[in-house]
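Source file: query_0.txt (compact mmCIF, C-alpha atoms)
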```
# COMPACT_ATOMS: atom_id res chain seq x y z
CA MET A 2 22.54 -11.94 -29.49
CA SER A 3 22.33 -8.21 -28.81
CA SER A 4 22.73 -6.93 -25.26
CA THR A 5 19.13 -5.66 -25.28
CA VAL A 6 17.72 -9.04 -26.34
CA ALA A 7 19.89 -10.79 -23.76
CA ARG A 8 18.58 -8.53 -21.00
CA ILE A 9 14.97 -9.19 -21.99
CA LYS A 10 15.63 -12.93 -21.99
CA ARG A 11 17.17 -12.80 -18.52
CA VAL A 12 14.33 -10.67 -17.13
CA SER A 13 11.68 -12.98 -18.60
CA THR A 14 13.04 -15.95 -16.62
CA ILE A 15 12.74 -14.28 -13.21
CA LYS A 16 10.42 -16.26 -10.93
CA SER A 17 8.98 -15.80 -7.47
CA GLN A 18 11.90 -16.22 -5.11
CA LYS A 19 9.95 -17.26 -2.02
CA MET A 20 6.40 -18.16 -1.05
CA MET A 21 4.69 -17.83 2.33
CA ARG A 22 1.93 -20.41 2.61
CA GLY A 23 -0.50 -20.69 5.55
CA HIS A 24 -3.43 -18.30 5.20
CA THR A 25 -6.74 -19.99 4.41
CA LYS A 26 -8.34 -17.12 2.49
CA LEU A 27 -7.05 -14.38 0.19
CA VAL A 28 -4.11 -12.34 1.47
CA ARG A 29 -5.05 -8.66 1.49
CA GLY A 30 -1.92 -6.89 2.70
CA VAL A 31 1.82 -7.21 3.20
CA ALA A 32 4.57 -5.06 4.73
CA HIS A 33 8.31 -5.41 5.33
CA LEU A 34 9.43 -4.85 8.92
CA PRO A 35 12.41 -2.55 9.62
CA ASP A 36 14.77 -5.38 10.61
CA GLY A 37 14.84 -6.59 7.00
CA GLN A 38 14.25 -10.16 8.15
CA ARG A 39 10.47 -10.34 8.48
CA ILE A 40 7.25 -9.46 6.71
CA ILE A 41 3.73 -9.22 8.09
CA THR A 42 0.59 -10.18 6.18
CA CYS A 43 -3.15 -9.89 6.71
CA SER A 44 -5.93 -12.02 5.29
CA ARG A 45 -9.65 -12.38 4.95
CA ASP A 46 -9.23 -15.45 7.16
CA GLY A 47 -9.17 -12.99 10.10
CA SER A 48 -5.48 -13.22 10.93
CA LEU A 49 -2.28 -11.25 10.72
CA ARG A 50 0.88 -13.34 10.49
CA LEU A 51 4.60 -12.71 10.83
CA TRP A 52 6.98 -14.52 8.49
CA ASP A 53 10.72 -15.14 8.43
CA LEU A 54 12.12 -14.12 5.05
CA GLU A 55 15.01 -16.57 5.13
CA SER A 56 13.07 -19.73 5.96
CA CYS A 57 9.66 -18.64 4.59
CA THR A 58 8.07 -19.97 7.79
CA GLN A 59 5.48 -18.36 10.05
CA LEU A 60 6.83 -16.90 13.29
CA GLY A 61 4.65 -17.80 16.25
CA GLU A 62 0.87 -17.96 16.33
CA ASP A 63 -1.60 -15.98 14.25
CA LEU A 64 -2.36 -12.47 15.48
CA ARG A 65 -6.04 -12.62 16.43
CA ASP A 66 -7.93 -10.65 19.01
CA GLU A 67 -9.74 -13.05 21.33
CA GLY A 68 -10.18 -15.60 18.57
CA GLU A 69 -11.63 -13.05 16.15
CA GLU A 70 -12.64 -14.64 12.84
CA ILE A 71 -13.87 -11.55 10.98
CA GLY A 72 -11.85 -10.95 7.83
CA VAL A 73 -9.06 -8.38 7.73
CA TRP A 74 -9.58 -6.15 4.68
CA SER A 75 -6.86 -3.52 5.08
CA MET A 76 -3.54 -3.07 6.87
CA ALA A 77 -0.86 -0.42 7.25
CA LEU A 78 2.47 -0.46 9.09
CA SER A 79 3.29 2.72 10.99
CA PRO A 80 6.16 4.83 9.59
CA ASN A 81 8.36 3.87 12.56
CA GLY A 82 7.64 0.19 11.95
CA ARG A 83 6.42 -0.52 15.48
CA THR A 84 2.64 -0.71 15.09
CA VAL A 85 0.24 -2.21 12.58
CA ALA A 86 -3.25 -0.86 11.96
CA SER A 87 -5.70 -3.44 10.64
CA GLY A 88 -9.22 -2.81 9.34
CA TYR A 89 -11.90 -5.49 9.48
CA LEU A 90 -15.08 -6.32 7.58
CA ASP A 91 -17.22 -5.52 10.64
CA GLY A 92 -15.93 -1.94 10.85
CA THR A 93 -13.41 -2.61 13.64
CA VAL A 94 -9.89 -1.15 13.52
CA ARG A 95 -7.15 -2.61 15.71
CA LEU A 96 -3.66 -1.35 16.45
CA TRP A 97 -1.10 -4.09 17.10
CA ASP A 98 2.30 -3.83 18.76
CA VAL A 99 4.52 -5.73 16.33
CA GLU A 100 6.94 -7.08 18.93
CA THR A 101 4.51 -8.00 21.73
CA ARG A 102 1.89 -9.15 19.18
CA LYS A 103 -0.80 -7.61 21.37
CA VAL A 104 -3.67 -5.26 20.57
CA ILE A 105 -2.87 -1.75 21.83
CA THR A 106 -6.30 -0.32 21.17
CA LYS A 107 -9.30 -0.84 18.94
CA TRP A 108 -12.22 1.22 17.78
CA LYS A 109 -15.35 0.78 15.70
CA GLU A 110 -16.33 2.62 12.55
CA PRO A 111 -20.03 3.20 11.80
CA SER A 112 -19.58 1.41 8.46
CA GLU A 113 -19.21 -2.35 8.37
CA ASP A 114 -16.33 -2.37 5.87
CA VAL A 115 -13.00 -0.61 6.49
CA ASN A 116 -11.55 -0.46 2.99
CA SER A 117 -8.35 1.48 3.69
CA VAL A 118 -6.17 2.61 6.59
CA CYS A 119 -3.22 5.01 6.44
CA TRP A 120 -0.87 6.41 9.10
CA SER A 121 0.09 10.03 9.40
CA PRO A 122 3.85 10.51 8.84
CA ASP A 123 4.41 11.30 12.56
CA ASN A 124 2.75 8.06 13.74
CA VAL A 125 0.13 9.87 15.84
CA GLN A 126 -3.00 9.59 13.66
CA VAL A 127 -4.68 7.05 11.40
CA VAL A 128 -7.11 7.96 8.64
CA ILE A 129 -9.74 5.40 7.71
CA GLY A 130 -11.71 5.09 4.48
CA SER A 131 -14.99 3.21 4.69
CA ALA A 132 -17.62 1.67 2.45
CA ASP A 133 -20.19 4.27 3.56
CA GLY A 134 -18.31 7.00 1.67
CA THR A 135 -16.70 8.64 4.70
CA ALA A 136 -13.15 9.14 5.92
CA ARG A 137 -12.30 9.65 9.60
CA VAL A 138 -9.11 10.63 11.40
CA TRP A 139 -8.41 8.88 14.70
CA ASP A 140 -5.91 9.86 17.39
CA VAL A 141 -3.68 6.91 18.19
CA GLU A 142 -2.92 7.79 21.82
CA SER A 143 -6.52 8.43 22.91
CA GLY A 144 -8.17 5.94 20.57
CA GLU A 145 -10.79 8.55 19.72
CA PRO A 146 -11.66 10.41 16.53
CA LEU A 147 -10.41 13.99 16.35
CA ILE A 148 -13.14 16.47 17.23
CA VAL A 149 -12.93 18.85 14.30
CA GLN A 150 -16.01 19.97 12.42
CA GLY A 151 -15.75 18.91 8.78
CA LEU A 152 -12.95 16.47 9.48
CA ASN A 153 -14.81 13.73 11.30
CA PRO A 154 -16.29 12.48 9.25
CA ILE A 155 -15.19 13.79 5.89
CA GLN A 156 -18.21 13.31 3.65
CA THR A 157 -16.16 12.49 0.58
CA GLY A 158 -18.91 12.24 -2.01
CA HIS A 159 -17.65 8.80 -3.03
CA GLU A 160 -20.33 6.15 -2.71
CA SER A 161 -17.57 3.97 -1.27
CA VAL A 162 -14.05 5.07 -0.30
CA TYR A 163 -11.57 2.57 -1.70
CA VAL A 164 -8.35 4.30 -0.62
CA VAL A 165 -7.14 7.02 1.76
CA SER A 166 -3.63 8.45 1.78
CA TYR A 167 -1.88 11.03 3.94
CA SER A 168 0.50 13.30 2.05
CA PRO A 169 4.14 12.93 3.23
CA LYS A 170 4.07 16.26 5.09
CA ALA A 171 0.64 15.52 6.61
CA THR A 172 -0.86 18.65 5.07
CA MET A 173 -3.36 16.80 2.90
CA ILE A 174 -5.43 13.63 2.76
CA ALA A 175 -6.29 12.13 -0.62
CA THR A 176 -9.30 9.87 -1.11
CA GLY A 177 -10.28 7.71 -4.04
CA GLY A 178 -13.34 5.65 -4.63
CA TYR A 179 -16.38 4.64 -6.54
CA ASN A 180 -19.14 6.94 -7.77
CA GLU A 181 -17.82 9.66 -7.59
CA ASP A 182 -14.94 8.31 -9.68
CA ALA A 183 -12.22 10.77 -8.72
CA ILE A 184 -9.30 11.69 -6.51
CA LYS A 185 -10.28 14.23 -3.89
CA ILE A 186 -7.64 16.14 -1.95
CA TRP A 187 -8.58 17.47 1.50
CA ASP A 188 -7.02 19.74 4.09
CA ALA A 189 -5.74 17.28 6.70
CA LYS A 190 -6.44 19.67 9.60
CA MET A 191 -9.94 20.95 8.81
CA GLY A 192 -11.34 18.57 6.21
CA LYS A 193 -11.83 21.29 3.61
CA LEU A 194 -11.88 20.10 -0.02
CA PHE A 195 -8.88 21.48 -1.92
CA SER A 196 -9.39 19.88 -5.32
CA THR A 197 -11.12 17.13 -7.30
CA ILE A 198 -9.38 15.22 -10.09
CA LYS A 199 -11.95 13.41 -12.18
CA HIS A 200 -11.39 9.89 -13.53
CA GLU A 201 -13.38 7.79 -15.99
CA TYR A 202 -13.32 4.81 -13.64
CA ALA A 203 -13.18 4.24 -9.90
CA VAL A 204 -9.90 5.11 -8.15
CA TRP A 205 -8.57 2.11 -6.24
CA SER A 206 -5.07 3.13 -5.21
CA LEU A 207 -2.96 6.22 -4.53
CA ALA A 208 0.67 7.17 -3.84
CA TRP A 209 2.27 10.58 -3.18
CA THR A 210 5.81 11.61 -4.03
CA ALA A 211 7.82 12.86 -1.04
CA ASP A 212 7.63 16.52 -2.09
CA GLU A 213 3.80 16.29 -2.38
CA ASN A 214 4.04 17.68 -5.92
CA LYS A 215 2.85 14.51 -7.63
CA LEU A 216 0.05 12.07 -6.90
CA ILE A 217 -0.22 8.70 -8.65
CA SER A 218 -3.51 6.85 -9.03
CA GLY A 219 -4.51 3.34 -10.04
CA SER A 220 -7.92 2.92 -11.64
CA GLY A 221 -10.56 0.38 -12.55
CA ASN A 222 -9.56 0.46 -16.21
CA GLY A 223 -6.00 -0.72 -15.51
CA LEU A 224 -4.31 2.66 -16.00
CA LEU A 225 -1.90 4.41 -13.65
CA ARG A 226 -1.94 8.19 -13.95
CA ILE A 227 0.44 10.80 -12.55
CA PHE A 228 -0.90 14.25 -11.63
CA ASP A 229 0.65 17.57 -10.70
CA THR A 230 -1.01 18.39 -7.37
CA THR A 231 -0.62 22.16 -7.76
CA THR A 232 -2.45 22.29 -11.09
CA SER A 233 -4.41 18.97 -10.98
CA LEU A 234 -3.15 18.36 -14.52
CA GLN A 235 -2.20 14.93 -15.75
CA ILE A 236 1.55 14.50 -16.34
CA ALA A 237 1.74 10.91 -17.55
CA VAL A 238 -0.19 7.69 -18.10
CA LEU A 239 1.33 4.27 -17.35
CA ASP A 240 -0.45 1.69 -19.48
CA GLY A 241 0.12 -2.02 -18.96
CA HIS A 242 -2.45 -3.64 -16.68
CA LYS A 243 -5.60 -5.11 -18.17
CA GLN A 244 -7.87 -4.90 -15.12
CA VAL A 245 -8.29 -3.00 -11.83
CA VAL A 246 -5.06 -1.63 -10.33
CA GLU A 247 -5.66 -2.76 -6.76
CA ALA A 248 -2.55 -1.26 -5.14
CA ILE A 249 0.47 0.89 -5.91
CA THR A 250 3.55 1.51 -3.82
CA LEU A 251 6.51 3.85 -4.28
CA PHE A 252 10.07 3.04 -3.34
CA ARG A 253 11.35 5.73 -1.00
CA ASN A 254 13.46 7.55 -3.59
CA ASP A 255 10.33 8.17 -5.75
CA ARG A 256 11.98 6.66 -8.83
CA LEU A 257 10.63 3.11 -8.66
CA LEU A 258 6.94 2.14 -8.55
CA ALA A 259 5.19 -1.20 -8.11
CA SER A 260 1.57 -1.86 -9.04
CA THR A 261 -0.71 -4.86 -8.53
CA SER A 262 -3.81 -5.83 -10.42
CA TRP A 263 -6.74 -8.15 -10.86
CA ASP A 264 -5.05 -9.22 -14.11
CA LYS A 265 -2.96 -11.53 -11.89
CA THR A 266 0.24 -9.55 -12.23
CA ALA A 267 2.45 -7.11 -10.41
CA ARG A 268 4.50 -4.64 -12.45
CA LEU A 269 7.58 -2.51 -11.87
CA TRP A 270 7.82 0.98 -13.35
CA ASN A 271 10.75 3.31 -13.96
CA LEU A 272 9.46 6.75 -12.98
CA ASP A 273 12.44 8.46 -14.63
CA THR A 274 10.94 7.39 -17.97
CA ASN A 275 7.42 6.23 -16.94
CA LEU A 276 8.11 2.91 -18.66
CA PRO A 277 7.72 -0.66 -17.34
CA ILE A 278 10.74 -2.61 -16.12
CA GLY A 279 10.91 -6.15 -17.46
CA LEU A 280 7.90 -8.41 -17.84
CA PRO A 281 4.92 -8.63 -15.46
CA LEU A 282 5.37 -10.72 -12.31
CA LYS A 283 2.76 -13.41 -12.90
CA HIS A 284 0.58 -14.88 -10.14
CA GLU A 285 -2.13 -17.53 -10.05
CA ASN A 286 -4.85 -15.10 -8.93
CA ASP A 287 -5.59 -11.41 -8.33
CA VAL A 288 -2.70 -9.52 -6.72
CA GLU A 289 -4.03 -7.50 -3.80
CA HIS A 290 -1.03 -5.56 -2.49
CA ALA A 291 2.74 -5.08 -2.70
CA ALA A 292 5.54 -3.71 -0.53
CA PHE A 293 9.22 -2.93 -1.14
CA SER A 294 11.96 -3.95 1.24
CA ALA A 295 13.87 -1.02 2.75
CA ASP A 296 16.71 -1.33 0.24
CA GLY A 297 14.41 -1.95 -2.72
CA THR A 298 15.96 -5.29 -3.64
CA MET A 299 12.83 -7.30 -2.78
CA LEU A 300 9.14 -6.87 -3.51
CA SER A 301 6.55 -8.78 -1.50
CA THR A 302 3.10 -9.38 -2.97
CA ALA A 303 -0.20 -10.44 -1.40
CA CYS A 304 -2.31 -12.70 -3.58
CA ALA A 305 -5.90 -13.94 -3.68
CA ASP A 306 -4.54 -17.49 -4.00
CA GLU A 307 -4.02 -17.37 -0.18
CA ASN A 308 -0.25 -16.94 -0.43
CA ALA A 309 2.30 -14.15 -0.13
CA TYR A 310 5.33 -14.01 -2.41
CA VAL A 311 8.75 -12.36 -2.23
CA TRP A 312 10.43 -11.44 -5.52
CA ASN A 313 14.11 -10.75 -6.06
CA ILE A 314 13.55 -7.55 -8.01
CA HIS A 315 17.22 -6.57 -7.73
CA SER A 316 17.86 -9.25 -10.34
CA ILE A 317 15.13 -7.82 -12.56
CA ILE A 318 16.39 -4.26 -12.22
CA LYS A 319 20.02 -5.30 -12.73
CA ALA A 320 19.14 -7.31 -15.83
CA ALA A 321 17.43 -4.23 -17.24
CA GLY A 322 20.55 -2.14 -16.58
CA LEU A 323 18.70 0.11 -14.11
CA GLU A 324 20.46 -0.47 -10.78
CA ASN A 325 20.67 3.30 -10.29
CA LEU A 326 16.92 3.24 -9.57
CA LEU A 327 17.77 1.80 -6.14
CA PHE A 328 20.09 4.66 -5.22
CA ILE A 329 18.93 6.41 -2.03
CA PRO A 330 20.16 9.98 -1.42
CA ALA A 331 22.12 10.46 1.80
CA GLN A 332 19.49 12.74 3.34
CA GLN A 333 16.81 10.08 2.90
CA SER A 334 18.99 7.44 4.55
CA GLU A 335 19.61 9.76 7.50
CA LEU A 336 15.89 10.51 7.83
CA ARG A 337 15.11 6.80 7.96
CA ARG A 338 17.66 6.25 10.77
CA GLU A 339 16.03 9.06 12.76
CA MET A 340 12.59 7.47 12.36
CA TYR A 341 13.70 4.26 14.05
```

Translate this file's structure into structure tokens.
Amino acid sequence: MSSTVARIKRVSTIKSQKMMRGHTKLVRGVAHLPDGQRIITCSRDGSLRLWDLESCTQLGEDLRDEGEEIGVWSMALSPNGRTVASGYLDGTVRLWDVETRKVITKWKEPSEDVNSVCWSPDNVQVVIGSADGTARVWDVESGEPLIVQGLNPIQTGHESVYVVSYSPKATMIATGGYNEDAIKIWDAKMGKLFSTIKHEYAVWSLAWTADENKLISGSGNGLLRIFDTTTSLQIAVLDGHKQVVEAITLFRNDRLLASTSWDKTARLWNLDTNLPIGLPLKHENDVEHAAFSADGTMLSTACADENAYVWNIHSIIKAAGLENLLFIPAQQSELRREMY
């Protein structure tokens, strides 16, 4: 048996390493906490939950605000790992202290559905994308929207905003959505439209590279596309999913990408070559979200089957002979220590 065939055989046998069971409706989001020992999930059942990675058990009670039962539709962990923003189907956004498990503040969007939440890199603002086609930037300390004409709200032109994403240097905000099917890039300070990158289908997910020079999108036709942000030109197409690419996430060295889809799979991508790594990670239902552990050896996925999963992707990457994709430059490691 050739070494290549042997690698493919080993990769094809990789299964979900761990499963977190307890939510009663689809799991919409997942994030790894900085201690490397816990993940947090959110669900349409109205709860956020903390889980121990070693035992796969829930830690403490559900995170609910005064018994709130409205579904959680979006979630984002702050860059410093201390606070979680959660968006609800009634337009409410709550900020939770991870350690005290208490609500720090909450506010209400005019739209009933908060489709996407994203933190600014400095932890001081949260941008929200809503079903009414607007995006708004909120100040975390005051709990109020920033008073800047053109910024609040940003009238995006999307009929519904599916995703919002701060650029890593907080200079830009990217939005994606439905009708208008496009990425739109906005000035993060004034809300001025910088550029529009047309798509044939709705844009569901976005991820920036750290230098802000590339922006990756996931679309309703199952394609991932990489764009040069200075020219708006397409650099590459990653073809593998068969349905909507619900979420994409970059490992922090910008060389490893994970995508999730309604085709019931998550996929790993080598961004050095723009090729898939191994076979798809198969689930029983739509895969809503994914998150890398800090060292890139694990990938957690949120699934519509009401469970969250943790995959040993180090084994997959090693079997493919691509362990160098997990290498983190010294300056990035130092930056991460400073954040915490």

For stretch 43-156 of chain A versus stretch 309-330 of chain A, which residues have an atom no more than 10 Å away, and what is each residue's nearest atom pair and distance in Å rounded to one decimal, using only C-alpha atoms, chain-then-number order, as a Markdown table?
```
| residue | atom | partner | partner_atom | distance |
| --- | --- | --- | --- | --- |
| A:Cys43 | CA | A:Ala309 | CA | 9.7 |
| A:Trp52 | CA | A:Ala309 | CA | 9.8 |
| A:Leu54 | CA | A:Val311 | CA | 8.2 |
| A:Cys57 | CA | A:Val311 | CA | 9.3 |
```

Problem - d(atom CA of A:Gln126, atom CA of A:Ile174) in Å - result: 11.9 Å

Problem - Residue nearest A:Asp255 among A:Arg137, A:Arg268, A:Lys215, A:Arg102 (counting only C-alpha atoms) - result: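 Of A:Arg137, A:Arg268, A:Lys215, A:Arg102, the one nearest A:Asp255 is A:Lys215, counting only C-alpha atoms.
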
Exercise for the section: Report the distance between atom CA of A:Ile278 and atom CA of A:Val204 in Å, rounded to one decimal place. Expected result: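 Interatomic distance, atom CA of A:Ile278 to atom CA of A:Val204: 23.4 Å.
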
Fill in the blank from the handout: Nearest to A:Arg226, restricted to only C-alpha atoms and choosing among A:Asp306, A:Asp133, A:Asp240, A:Glu100, comes out as A:Asp240

Fill in the blank from the handout: One decimal place gives the atom CA of A:Gln59-atom CA of A:Trp97 separation as 17.2 Å

If we count all atoms listed in the file, what is near A:Asp212 at a cut-off of 10 Å, once residues fewer than 5 positions away on the same chain are taken out, given as a CSV table (one decimal) with C-alpha atoms, keeping the file's coordinate frame?
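The result, written out as out_15.csv:
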```csv
chain,number,residue,atom,x,y,z
A,168,SER,CA,0.5,13.3,2.0
A,169,PRO,CA,4.1,12.9,3.2
A,170,LYS,CA,4.1,16.3,5.1
A,255,ASP,CA,10.3,8.2,-5.8
```

Fill in the blank from the handout: Between A:Gly158, A:Pro111, A:Pro146, A:Gly130, smallest distance to A:Thr93 by all atoms listed in the file belongs to A:Pro111

Exercise for the section: Check the smallest atom-to-atom distance from each of A:Ala211, A:Val149, A:Val128, A:Ala183 to A:Ile198 using only C-alpha atoms, then report the winner. Expected result: A:Ala183

Problem - Residue list as a PyMOL selection string for point (2.0, -3.7, 4.7), cut-off 12 Å, all atoms listed in the file - result: chain A and resi 28-35+39-44+49-51+74-80+82+84-87+117-120+248-250+289-294+300-303+309

Practice task
Write out as number ranges by chain each polymer residue whose atoms come within 9 Å of A:Lys26, counting all atoms listed in the file; drop sequence neighbours fewer than 6 positions from it.
Solution key: A: 44-47, 72, 305-308

Only C-alpha atoms, please: the residues just picked out, written as a JSON list (two decimals), in the frame of the given file.
```json
[["chain", "number", "residue", "atom", "x", "y", "z"],
["A", 44, "SER", "CA", -5.93, -12.02, 5.29],
["A", 45, "ARG", "CA", -9.65, -12.38, 4.95],
["A", 46, "ASP", "CA", -9.23, -15.45, 7.16],
["A", 47, "GLY", "CA", -9.17, -12.99, 10.10],
["A", 72, "GLY", "CA", -11.85, -10.95, 7.83],
["A", 305, "ALA", "CA", -5.90, -13.94, -3.68],
["A", 306, "ASP", "CA", -4.54, -17.49, -4.00],
["A", 307, "GLU", "CA", -4.02, -17.37, -0.18],
["A", 308, "ASN", "CA", -0.25, -16.94, -0.43]]
```

Exercise for the section: Pull the neighbourhood of (-0.9, 14.4, -15.8) for me: all residues within 12 Å in file coordinates, counting all atoms listed in the file, as a PyMOL selection string. Expected result: chain A and resi 198-200+214-218+225-239+275

Handout entry: Which residue of A:Arg65, A:His24, A:Lys193, A:His242 approaches A:Gln156 most closely, using only C-alpha atoms
Key = A:Lys193

Problem - Which of A:Thr261, A:Tyr202, A:Asp296, A:Gly241 sits closest to A:Leu280 [using all atoms listed in the file] - result: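 Among the listed residues, the smallest separation from A:Leu280 belongs to A:Gly241.
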